[in-house]
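See below for start-v6.tsv, which holds TSV, C-alpha atoms and all ligand atoms.
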```
chain	number	residue	atom	x	y	z
A	1	MET	CA	169.67	-120.65	-203.43
A	2	ARG	CA	168.59	-120.00	-199.88
A	3	ALA	CA	165.44	-121.92	-200.48
A	4	SER	CA	167.29	-124.96	-201.81
A	5	CYS	CA	169.78	-124.93	-198.86
A	6	PHE	CA	166.81	-124.95	-196.53
A	7	THR	CA	164.80	-127.46	-198.49
A	8	ARG	CA	167.42	-130.18	-198.81
A	9	PRO	CA	167.84	-131.04	-195.13
A	10	VAL	CA	164.09	-130.73	-194.61
A	11	LEU	CA	163.47	-133.03	-197.52
A	12	PHE	CA	166.10	-135.44	-196.21
A	13	ALA	CA	164.55	-135.41	-192.75
A	14	THR	CA	161.08	-135.95	-194.16
A	15	VAL	CA	162.24	-138.89	-196.24
A	16	LEU	CA	164.04	-140.33	-193.23
A	17	ILE	CA	160.97	-139.99	-190.97
A	18	ALA	CA	158.72	-141.49	-193.63
A	19	ALA	CA	161.15	-144.37	-194.22
A	20	THR	CA	161.42	-145.04	-190.48
A	21	ALA	CA	157.65	-144.95	-190.05
A	22	TRP	CA	157.27	-147.27	-193.03
A	23	ALA	CA	159.91	-149.63	-191.68
A	24	GLN	CA	158.19	-149.63	-188.28
A	25	GLN	CA	154.71	-150.26	-189.63
A	26	PRO	CA	154.13	-153.99	-189.26
A	27	ALA	CA	153.64	-155.81	-192.53
A	28	SER	CA	150.54	-157.66	-191.41
A	29	LEU	CA	147.93	-157.99	-188.70
A	30	LYS	CA	149.51	-161.21	-187.44
A	31	GLN	CA	152.89	-159.51	-187.23
A	32	ALA	CA	151.46	-156.44	-185.48
A	33	TYR	CA	150.08	-158.62	-182.67
A	34	GLN	CA	152.79	-161.31	-182.69
A	35	GLY	CA	153.31	-162.52	-179.13
A	36	ASP	CA	150.10	-160.78	-177.97
A	37	PHE	CA	147.27	-162.89	-179.43
A	38	TYR	CA	146.40	-164.74	-182.62
A	39	VAL	CA	144.58	-162.75	-185.27
A	40	GLY	CA	142.06	-164.89	-187.11
A	41	ALA	CA	139.47	-164.93	-189.87
A	42	ALA	CA	136.42	-167.10	-190.46
A	43	MET	CA	136.67	-169.01	-193.75
A	44	ASN	CA	133.70	-169.74	-196.00
A	45	ALA	CA	133.36	-172.67	-198.41
A	46	ALA	CA	134.92	-170.85	-201.40
A	47	GLU	CA	137.99	-170.03	-199.34
A	48	ILE	CA	138.28	-173.51	-197.89
A	49	THR	CA	138.07	-175.19	-201.30
A	50	GLY	CA	140.54	-172.74	-202.89
A	51	GLN	CA	137.93	-171.29	-205.31
A	52	ASP	CA	138.44	-167.84	-203.79
A	53	GLN	CA	142.18	-167.50	-204.24
A	54	ARG	CA	142.18	-163.76	-203.67
A	55	SER	CA	140.81	-164.21	-200.14
A	56	ASP	CA	143.08	-167.20	-199.49
A	57	ALA	CA	146.11	-165.03	-200.28
A	58	ILE	CA	144.87	-162.42	-197.80
A	59	ILE	CA	144.31	-165.08	-195.14
A	60	LEU	CA	147.85	-166.39	-195.57
A	61	GLU	CA	149.36	-162.93	-195.53
A	62	GLN	CA	147.41	-161.44	-192.61
A	63	PHE	CA	146.13	-164.13	-190.26
A	64	ASN	CA	147.54	-166.91	-188.09
A	65	SER	CA	144.26	-168.43	-186.92
A	66	ILE	CA	141.19	-169.67	-188.79
A	67	SER	CA	137.60	-170.46	-187.89
A	68	PRO	CA	135.09	-172.32	-190.07
A	69	GLU	CA	132.14	-170.04	-190.77
A	70	ASN	CA	129.84	-173.01	-191.35
A	71	ALA	CA	131.88	-176.07	-192.43
A	72	LEU	CA	131.99	-177.86	-189.06
A	73	LYS	CA	128.43	-177.28	-187.92
A	74	TRP	CA	126.26	-180.31	-187.20
A	75	ALA	CA	123.89	-179.67	-190.11
A	76	ILE	CA	126.81	-179.71	-192.56
A	77	VAL	CA	128.81	-182.69	-191.28
A	78	ASN	CA	125.89	-184.92	-190.30
A	79	PRO	CA	122.69	-183.74	-192.03
A	80	GLU	CA	120.89	-187.09	-191.87
A	81	PRO	CA	121.22	-190.00	-189.45
A	82	GLY	CA	124.30	-192.00	-190.44
A	83	GLN	CA	125.24	-189.60	-193.26
A	84	TYR	CA	128.56	-187.82	-192.77
A	85	ASN	CA	130.00	-185.13	-195.04
A	86	TRP	CA	133.52	-184.56	-193.80
A	87	GLY	CA	134.90	-183.27	-197.12
A	88	LEU	CA	134.78	-179.53	-196.44
A	89	ALA	CA	135.74	-179.91	-192.77
A	90	ASP	CA	138.76	-182.04	-193.72
A	91	GLN	CA	139.87	-179.44	-196.28
A	92	TYR	CA	139.49	-176.68	-193.69
A	93	VAL	CA	141.64	-178.51	-191.15
A	94	ALA	CA	144.22	-179.48	-193.82
A	95	PHE	CA	144.54	-175.78	-194.81
A	96	GLY	CA	145.20	-174.83	-191.20
A	97	VAL	CA	147.70	-177.64	-190.63
A	98	GLU	CA	149.56	-176.86	-193.85
A	99	HIS	CA	149.91	-173.20	-192.93
A	100	HIS	CA	150.58	-173.70	-189.19
A	101	MET	CA	147.45	-171.87	-188.11
A	102	TRP	CA	145.77	-171.91	-184.68
A	103	ILE	CA	142.74	-173.88	-185.84
A	104	VAL	CA	139.34	-173.29	-184.25
A	105	GLY	CA	136.47	-175.78	-184.33
A	106	HIS	CA	133.08	-174.06	-184.45
A	107	ASN	CA	130.84	-175.49	-183.04
A	108	LEU	CA	129.71	-178.67	-181.28
A	109	VAL	CA	126.42	-177.91	-179.50
A	110	TRP	CA	124.09	-175.15	-180.70
A	111	HIS	CA	120.33	-174.76	-181.12
A	112	ASN	CA	120.82	-173.52	-184.69
A	113	GLN	CA	122.20	-175.35	-187.75
A	114	VAL	CA	121.48	-178.63	-185.99
A	115	PRO	CA	119.15	-180.95	-187.93
A	116	ALA	CA	115.66	-181.58	-186.49
A	117	TRP	CA	116.23	-185.37	-186.48
A	118	VAL	CA	118.91	-185.02	-183.78
A	119	PHE	CA	116.23	-184.45	-181.14
A	120	ARG	CA	113.81	-187.15	-182.27
A	121	GLY	CA	113.57	-190.93	-182.38
A	122	LYS	CA	112.47	-193.01	-185.38
A	123	ASP	CA	108.89	-192.66	-184.12
A	124	GLY	CA	109.17	-188.88	-184.48
A	125	LYS	CA	108.87	-188.31	-180.73
A	126	LEU	CA	111.35	-186.21	-178.76
A	127	LEU	CA	114.19	-188.29	-177.34
A	128	THR	CA	114.65	-189.02	-173.66
A	129	ARG	CA	117.42	-187.25	-171.73
A	130	ASP	CA	119.66	-190.32	-171.85
A	131	ALA	CA	119.15	-190.90	-175.56
A	132	LEU	CA	119.95	-187.26	-176.43
A	133	LEU	CA	123.01	-187.30	-174.17
A	134	ALA	CA	124.22	-190.43	-175.97
A	135	ARG	CA	123.67	-188.73	-179.35
A	136	MET	CA	125.52	-185.60	-178.20
A	137	LYS	CA	128.41	-187.69	-176.90
A	138	GLU	CA	128.66	-189.66	-180.14
A	139	HIS	CA	128.74	-186.45	-182.18
A	140	ILE	CA	131.37	-184.81	-179.99
A	141	PHE	CA	133.57	-187.90	-179.89
A	142	LEU	CA	133.36	-188.33	-183.68
A	143	GLU	CA	134.09	-184.71	-184.56
A	144	VAL	CA	136.62	-183.82	-181.87
A	145	GLY	CA	138.26	-187.24	-182.19
A	146	ARG	CA	138.63	-186.88	-185.97
A	147	TYR	CA	140.68	-183.69	-185.58
A	148	LYS	CA	142.39	-184.50	-182.29
A	149	GLY	CA	145.75	-182.75	-182.05
A	150	LYS	CA	144.93	-180.61	-185.13
A	151	ILE	CA	142.04	-178.41	-183.99
A	152	GLN	CA	143.50	-176.59	-180.99
A	153	SER	CA	140.38	-174.82	-179.79
A	154	TRP	CA	136.71	-175.87	-179.79
A	155	ASP	CA	133.59	-173.77	-179.36
A	156	VAL	CA	131.89	-176.49	-177.34
A	157	VAL	CA	128.58	-174.79	-176.57
A	158	ASN	CA	127.32	-171.84	-178.56
A	159	GLU	CA	124.77	-169.20	-177.55
A	160	ALA	CA	123.16	-171.01	-174.61
A	161	LEU	CA	122.23	-167.78	-172.81
A	162	ASN	CA	119.33	-165.37	-173.26
A	163	ASP	CA	120.08	-161.65	-173.19
A	164	ASP	CA	118.91	-161.49	-169.56
A	165	GLY	CA	121.55	-164.04	-168.58
A	166	THR	CA	119.17	-166.97	-168.05
A	167	LEU	CA	119.61	-170.21	-169.95
A	168	ARG	CA	117.92	-170.35	-173.35
A	169	HIS	CA	115.16	-172.95	-173.43
A	170	SER	CA	116.49	-174.76	-176.48
A	171	LEU	CA	115.71	-178.38	-177.16
A	172	TRP	CA	119.04	-179.25	-175.55
A	173	TYR	CA	117.91	-177.57	-172.36
A	174	ARG	CA	114.35	-178.86	-172.49
A	175	ILE	CA	115.26	-182.49	-173.07
A	176	ILE	CA	118.50	-182.87	-171.10
A	177	GLY	CA	118.19	-180.09	-168.52
A	178	PRO	CA	120.62	-177.30	-167.62
A	179	ASP	CA	123.53	-179.71	-167.18
A	180	TYR	CA	123.70	-180.32	-170.94
A	181	ILE	CA	126.39	-177.64	-170.99
A	182	ALA	CA	128.57	-179.39	-168.39
A	183	LYS	CA	128.08	-182.69	-170.22
A	184	ALA	CA	129.14	-181.22	-173.55
A	185	PHE	CA	132.34	-179.83	-172.03
A	186	GLN	CA	133.01	-183.11	-170.25
A	187	TYR	CA	132.66	-185.12	-173.49
A	188	ALA	CA	134.83	-182.66	-175.44
A	189	HIS	CA	137.54	-182.87	-172.79
A	190	GLU	CA	137.43	-186.67	-172.87
A	191	ALA	CA	137.66	-186.65	-176.65
A	192	ASP	CA	140.74	-184.38	-176.73
A	193	PRO	CA	142.18	-183.55	-173.30
A	194	LYS	CA	144.64	-181.07	-174.81
A	195	ALA	CA	142.16	-178.93	-176.75
A	196	GLN	CA	141.22	-175.46	-175.49
A	197	LEU	CA	137.49	-175.55	-174.70
A	198	THR	CA	135.39	-172.44	-175.17
A	199	TYR	CA	131.89	-171.25	-174.33
A	200	ASN	CA	130.91	-168.84	-177.14
A	201	ASP	CA	128.16	-166.18	-177.16
A	202	TYR	CA	127.18	-162.72	-178.44
A	203	ASN	CA	126.28	-159.48	-176.65
A	204	LEU	CA	128.44	-160.27	-173.64
A	205	THR	CA	128.96	-156.58	-172.88
A	206	ASN	CA	125.28	-156.47	-171.86
A	207	PRO	CA	125.54	-156.45	-168.03
A	208	GLU	CA	122.81	-159.06	-167.45
A	209	LYS	CA	124.21	-161.43	-170.02
A	210	LEU	CA	127.75	-160.84	-168.75
A	211	ALA	CA	126.58	-161.76	-165.26
A	212	GLY	CA	125.00	-164.89	-166.75
A	213	VAL	CA	128.19	-166.04	-168.47
A	214	ILE	CA	130.21	-165.41	-165.32
A	215	ARG	CA	127.72	-167.48	-163.29
A	216	LEU	CA	128.02	-170.24	-165.87
A	217	VAL	CA	131.83	-170.30	-165.85
A	218	LYS	CA	131.99	-170.26	-162.05
A	219	GLN	CA	129.46	-173.07	-161.81
A	220	LEU	CA	131.29	-175.24	-164.33
A	221	LYS	CA	134.58	-174.66	-162.56
A	222	ALA	CA	133.01	-175.41	-159.16
A	223	GLU	CA	131.81	-178.73	-160.60
A	224	GLY	CA	135.31	-179.55	-161.83
A	225	VAL	CA	134.35	-179.22	-165.50
A	226	THR	CA	137.16	-178.13	-167.84
A	227	ILE	CA	136.40	-174.76	-169.44
A	228	ASP	CA	139.38	-172.76	-170.71
A	229	CYS	CA	137.96	-169.81	-172.55
A	230	VAL	CA	134.93	-167.61	-173.18
A	231	GLY	CA	134.34	-166.48	-176.75
A	232	MET	CA	132.96	-162.96	-176.96
A	233	GLN	CA	131.55	-162.86	-180.48
A	234	ASN	CA	131.59	-159.05	-180.75
A	235	HIS	CA	129.06	-158.59	-183.55
A	236	ASP	CA	129.32	-154.88	-182.88
A	237	HIS	CA	128.03	-151.47	-183.94
A	238	LEU	CA	129.63	-148.07	-184.59
A	239	ASP	CA	128.65	-146.83	-181.14
A	240	SER	CA	128.42	-150.05	-179.19
A	241	PRO	CA	130.04	-151.41	-177.19
A	242	THR	CA	132.08	-148.49	-175.88
A	243	ALA	CA	135.75	-149.15	-175.15
A	244	ALA	CA	134.96	-148.97	-171.42
A	245	GLU	CA	132.19	-151.56	-171.73
A	246	GLU	CA	134.39	-153.89	-173.76
A	247	ASP	CA	137.26	-153.56	-171.32
A	248	ALA	CA	135.03	-154.15	-168.29
A	249	ALA	CA	133.53	-157.30	-169.85
A	250	ILE	CA	136.92	-158.77	-170.81
A	251	ARG	CA	138.30	-158.16	-167.35
A	252	ALA	CA	135.23	-159.50	-165.56
A	253	ILE	CA	135.40	-162.71	-167.58
A	254	ALA	CA	139.16	-163.08	-167.21
A	255	VAL	CA	139.09	-162.87	-163.41
A	256	THR	CA	137.09	-166.10	-163.35
A	257	GLY	CA	140.29	-167.79	-164.56
A	258	VAL	CA	139.53	-168.34	-168.26
A	259	LYS	CA	141.00	-166.79	-171.38
A	260	VAL	CA	138.90	-164.54	-173.59
A	261	ALA	CA	138.64	-165.06	-177.34
A	262	ILE	CA	137.19	-162.25	-179.42
A	263	SER	CA	135.64	-164.87	-181.62
A	264	GLU	CA	133.47	-163.33	-184.39
A	265	LEU	CA	134.37	-159.67	-184.68
A	266	ASP	CA	132.63	-157.39	-187.17
A	267	ILE	CA	131.04	-153.93	-186.98
A	268	ASN	CA	127.66	-153.30	-188.57
A	269	VAL	CA	127.50	-149.81	-190.11
A	270	LEU	CA	123.94	-149.91	-191.45
A	271	PRO	CA	120.76	-148.67	-189.77
A	272	TRP	CA	119.94	-151.12	-187.07
A	273	PRO	CA	116.37	-152.24	-186.44
A	274	GLY	CA	117.29	-154.19	-183.30
A	275	THR	CA	118.66	-153.42	-179.89
A	276	GLY	CA	122.00	-154.41	-178.40
A	277	ASN	CA	124.81	-156.28	-180.16
A	278	THR	CA	122.70	-159.32	-180.86
A	279	ALA	CA	123.38	-162.00	-183.45
A	280	GLU	CA	120.06	-163.71	-182.86
A	281	VAL	CA	119.65	-165.69	-186.05
A	282	SER	CA	115.87	-165.86	-185.78
A	283	MET	CA	115.61	-162.08	-186.41
A	284	HIS	CA	114.34	-161.30	-189.92
A	285	MET	CA	112.98	-158.17	-191.60
A	286	ALA	CA	111.81	-157.41	-195.13
A	287	SER	CA	114.25	-155.42	-197.26
A	288	SER	CA	113.57	-151.82	-198.29
A	289	PRO	CA	115.86	-149.06	-199.65
A	290	LYS	CA	115.48	-147.22	-196.35
A	291	TRP	CA	117.45	-150.00	-194.67
A	292	ASN	CA	120.12	-150.09	-197.39
A	293	PRO	CA	121.33	-146.49	-197.67
A	294	TRP	CA	124.82	-146.98	-199.16
A	295	PRO	CA	124.72	-149.55	-201.98
A	296	ASN	CA	127.48	-147.70	-203.89
A	297	GLY	CA	130.00	-146.87	-201.19
A	298	LEU	CA	130.36	-145.81	-197.60
A	299	PRO	CA	130.22	-142.06	-196.86
A	300	ARG	CA	133.46	-140.66	-195.46
A	301	ASP	CA	132.08	-139.75	-192.07
A	302	VAL	CA	130.76	-143.26	-191.54
A	303	GLN	CA	134.07	-144.72	-192.72
A	304	GLN	CA	135.78	-142.54	-190.11
A	305	LYS	CA	133.43	-143.76	-187.38
A	306	LEU	CA	134.22	-147.34	-188.40
A	307	THR	CA	137.95	-146.62	-188.18
A	308	ASP	CA	137.53	-144.98	-184.78
A	309	GLN	CA	135.46	-147.84	-183.39
A	310	TYR	CA	137.90	-150.50	-184.63
A	311	ALA	CA	140.87	-148.55	-183.24
A	312	ALA	CA	139.13	-148.06	-179.88
A	313	LEU	CA	138.35	-151.78	-179.61
A	314	PHE	CA	141.89	-152.82	-180.55
A	315	ARG	CA	143.37	-150.43	-178.00
A	316	VAL	CA	141.35	-152.36	-175.42
A	317	PHE	CA	142.38	-155.75	-176.86
A	318	TYR	CA	146.02	-154.68	-176.83
A	319	LYS	CA	145.81	-153.39	-173.26
A	320	ASP	CA	144.11	-156.63	-172.16
A	321	ARG	CA	146.33	-158.85	-174.32
A	322	ALA	CA	147.48	-160.99	-171.37
A	323	ASP	CA	143.89	-162.26	-171.07
A	324	ILE	CA	143.12	-162.60	-174.78
A	325	SER	CA	143.99	-165.72	-176.79
A	326	ARG	CA	142.78	-164.54	-180.19
A	327	VAL	CA	140.87	-161.91	-182.09
A	328	THR	CA	138.98	-163.43	-185.01
A	329	PHE	CA	137.12	-161.47	-187.70
A	330	TRP	CA	133.90	-163.04	-188.93
A	331	GLY	CA	134.98	-163.14	-192.56
A	332	VAL	CA	137.70	-161.69	-194.77
A	333	THR	CA	136.14	-159.18	-197.20
A	334	ASN	CA	132.93	-157.16	-197.01
A	335	ALA	CA	131.60	-159.09	-200.00
A	336	GLN	CA	131.26	-162.29	-198.01
A	337	SER	CA	129.95	-160.97	-194.68
A	338	TRP	CA	126.81	-162.53	-193.23
A	339	LEU	CA	125.78	-158.95	-192.34
A	340	ASN	CA	124.86	-158.33	-196.00
A	341	ASN	CA	121.93	-160.68	-195.41
A	342	TRP	CA	121.03	-160.44	-191.74
A	343	PRO	CA	118.67	-159.38	-190.33
A	344	ILE	CA	117.58	-157.90	-193.68
A	345	PRO	CA	118.48	-159.68	-196.93
A	346	GLY	CA	120.37	-158.15	-199.84
A	347	ARG	CA	122.03	-155.17	-198.14
A	348	THR	CA	125.46	-153.67	-198.82
A	349	ASN	CA	127.28	-153.65	-195.50
A	350	TYR	CA	130.88	-152.65	-194.69
A	351	PRO	CA	131.74	-154.49	-191.46
A	352	LEU	CA	135.23	-155.91	-192.13
A	353	LEU	CA	138.77	-154.70	-192.83
A	354	LEU	CA	138.88	-155.53	-196.56
A	355	ASP	CA	136.54	-153.98	-199.12
A	356	ARG	CA	134.70	-155.88	-201.86
A	357	GLU	CA	137.85	-155.84	-204.03
A	358	GLY	CA	139.99	-157.20	-201.20
A	359	LYS	CA	141.66	-153.83	-200.57
A	360	PRO	CA	142.22	-152.64	-196.98
A	361	VAL	CA	139.82	-150.02	-195.64
A	362	PRO	CA	141.19	-147.23	-193.39
A	363	ALA	CA	140.42	-149.20	-190.21
A	364	PHE	CA	143.05	-151.73	-191.31
A	365	ALA	CA	145.97	-149.30	-190.93
A	366	ALA	CA	144.51	-147.95	-187.68
A	367	ILE	CA	144.54	-151.46	-186.21
A	368	LEU	CA	148.08	-152.11	-187.46
A	369	ASN	CA	149.23	-148.96	-185.67
A	370	VAL	CA	147.70	-149.64	-182.25
A	371	PRO	CA	150.64	-151.59	-180.71
A	372	GLY	CA	153.05	-148.92	-182.00
A	373	GLU	CA	151.05	-146.14	-180.32
A	374	ALA	CA	151.56	-147.81	-176.96
A	375	ARG	CA	155.34	-148.12	-177.33
B	401	LIG	O1	128.18	-166.60	-190.70
B	401	LIG	C1	127.29	-167.68	-190.55
B	401	LIG	C2	126.26	-167.65	-191.68
B	401	LIG	O2	126.88	-167.93	-192.92
B	401	LIG	C3	125.15	-168.64	-191.40
B	401	LIG	O3	124.13	-168.49	-192.39
B	401	LIG	C4	124.59	-168.40	-190.03
B	401	LIG	C5	123.48	-169.37	-189.74
B	401	LIG	O4	123.06	-169.29	-188.45
B	401	LIG	O5	125.63	-168.53	-189.08
B	401	LIG	C6	126.59	-167.55	-189.22
B	401	LIG	O6	127.56	-167.61	-188.19
B	401	LIG	C7	127.08	-167.42	-186.87
B	401	LIG	C8	127.95	-168.22	-185.95
B	401	LIG	O7	127.98	-169.55	-186.35
B	401	LIG	C9	127.49	-168.11	-184.52
B	401	LIG	N1	127.35	-166.73	-184.10
B	401	LIG	C10	126.61	-165.87	-184.97
B	401	LIG	C11	127.15	-165.96	-186.40
B	401	LIG	C12	126.43	-165.00	-187.30
B	401	LIG	O8	125.09	-165.40	-187.43
```
I'd like the structure from this file rewritten - as structure tokens, please.
Amino acid sequence: MRASCFTRPVLFATVLIAATAWAQQPASLKQAYQGDFYVGAAMNAAEITGQDQRSDAIILEQFNSISPENALKWAIVNPEPGQYNWGLADQYVAFGVEHHMWIVGHNLVWHNQVPAWVFRGKDGKLLTRDALLARMKEHIFLEVGRYKGKIQSWDVVNEALNDDGTLRHSLWYRIIGPDYIAKAFQYAHEADPKAQLTYNDYNLTNPEKLAGVIRLVKQLKAEGVTIDCVGMQNHDHLDSPTAAEEDAAIRAIAVTGVKVAISELDINVLPWPGTGNTAEVSMHMASSPKWNPWPNGLPRDVQQKLTDQYAALFRVFYKDRADISRVTFWGVTNAQSWLNNWPIPGRTNYPLLLDREGKPVPAFAAILNVPGEAR
């Protein structure tokens, strides 16, 4: 009798607290950060075409911004001179328009996934500066112009910096010179004066590279070139960057007067043969079981580290929300992540918020809870 008298109010209180907590827990990532920044996901071809309906449902439920993982890259839309494949890109943009998403265009000028012919004349020789500039302008005008007023944000130049902050000696740089970056931004601005224009790169918490991107932004601004945003890709690791490093980099970029987009977020959990948070696509290594330790599931302690790292990063993003325009994950479920195949092919990685069945991993709830912790 005494026990039941005591238990009832306790039970009632417990149910009430649980119900309140449940009612307070935001229903989705986009709702959790509503009014702070967009929360986005990169879409692959199966998602864009509607073949992967399970992922499409997750995208619609959780995200209010999309990026094209590959569909808008030069090699896809214009693989041969005069040959244009707009089908997938058009479907991507139509999906975003239909669902009122903040639509990102990725990307216009990069040294990778650009066909070799772009840099050469019919005689096979490298183009002159003027001829390559004309080709770049034509490409930017065609692509940006096609989606004018629909794609709100363009990654204009991608990965132009080396890790030491100097300019990468890509063919763009070698043929046109260092001002190819300013020219690309100028053409993009002419093609759609209202679009947000972004410089996008990885490993920007590395002090030398951070200094390089800040130099670049300041120089562009001093020349009167429109640049609105820096994309920090954040292809991260369990122990890197630290929250302090991430915060310092966001703030250092933001004081130059641009927004920050966390543009390609994922966290590698597997043994890492490289250094830094690189996404250097030229890195390749042969596969071996030693490099693929968890083909059948992530051990609990590693799952916990993943949760902690995601929560730590989102606490920073939330604190710095006034400077952040979006946080985009580079994919939806672990099954589709590029990190299963880079820099070592055929691995089982766990870098995203949804597992291979499309179910949330513990980091998902931790991220949902971050704004609530601060209130
Ligand atoms: O996720 C993309 C993968 O499917 C492509 O094979 C790869 C080719 O370079 O590009 C990946 O996306 C990259 C993005 O466009 C730019 N930053 C690094 C990303 C991961 O490599």
Could you list, as a VMD selection string, all residues that come within 8 Å of ligand LIG 401 (chain B)? Count all atoms listed in the file. chain A and resid 44 69 to 70 73 106 to 107 112 to 113 158 to 159 201 to 202 233 235 264 279 to 281 330 to 331 337 to 339 342
re atom CA of Gly372 of chain A and atom CA of Asn268 of chain A: distance 26.6 Å
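Ranking A:Val39, A:Arg54, A:Leu167, A:Arg146 by their shortest atom-to-atom distance to Arg356 of chain A, with only C-alpha atoms included, puts A:Arg54 first.
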Excluding same-chain residues fewer than 3 positions from Arg321 of chain A, what lies within 12 Å of it counting all atoms listed in the file, as a PyMOL selection string? chain A and resi 33-39+247+250-251+254+259-262+313-318+324-327+371
Dig up all the protein and nucleic acid residues within 12 Å of (140.5, -182.9, -173.4) in the file frame, using only C-alpha atoms, and format them as an NGL selection string. :A and (140-141 or 144-145 or 148-149 or 151-154 or 156 or 184-198 or 225-228)
For atom CA of Leu238 of chain A and atom CA of Asn277 of chain A, determine how far apart the two atoms are, in Å to one decimal place.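 Answer for the atom CA of Leu238 of chain A to atom CA of Asn277 of chain A separation: 10.5 Å.
The shortest atom-to-atom distance to Ser288 of chain A, with all atoms listed in the file taken into account, belongs to A:Pro271 out of A:Pro271, A:Lys209, A:Gly276, A:Ala244.
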Show me the residues around (124.1, -151.0, -193.5) - criterion: an atom at most 7 Å away, only C-alpha atoms counted - as a PyMOL selection string. chain A and resi 268-271+291-294+347-349
Using only C-alpha atoms, which of the listed residues (A:Gly105, A:Gly165, A:Gly297, A:Pro241) sits closest to Asp355 of chain A?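 Looking only at the distances to Asp355 of chain A, the closest residue turns out to be A:Gly297.
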Measuring atom to atom with all atoms listed in the file, identify which of A:Lys218, A:Asp236, A:Gly224, A:Val77 is nearest to Val255 of chain A. A:Lys218
Pick from A:Ile175, A:Val332, A:Cys229, A:Val370, whichever lies nearest to Ala46 of chain A using only C-alpha atoms: A:Val332
May I ask which of the residues A:Pro207, A:Gly121, A:Pro343, A:Pro351 is the closest one to Thr307 of chain A, counting all atoms listed in the file? A:Pro351
I'd like the neighbourhood of Ile103 of chain A as a list in words, where a residue qualifies if any of its atoms comes within 10 Å (using all atoms listed in the file), though same-chain residues fewer than 2 positions away should be ignored.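 These residues fall inside the cut-off: Gly40, Asn64, Ser65, Ile66, Ser67, Pro68, Tyr92, Val93, Ala94, Phe95, Gly96, Val97, His100, Met101, Gly105, His106, Lys150, Ile151, Gln152, Ser153 and Trp154 of chain A.
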Atomic distance atom CA of Gly257 of chain A - atom CA of Leu161 of chain A, expressed in Å with one decimal: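 Separating atom CA of Gly257 of chain A from atom CA of Leu161 of chain A is a distance of 19.9 Å.
Once Thr166 of chain A and its same-chain neighbours fewer than 2 positions away are set aside, Glu159, Ala160, Leu161, Asn162, Asp163, Asp164, Arg168, His169, Ser170, Tyr173, Pro178, Glu208, Lys209, Leu210, Ala211, Gly212, Val213, Ile214, Arg215 and Leu216 of chain A remain within 12 Å of it when counting all atoms listed in the file.
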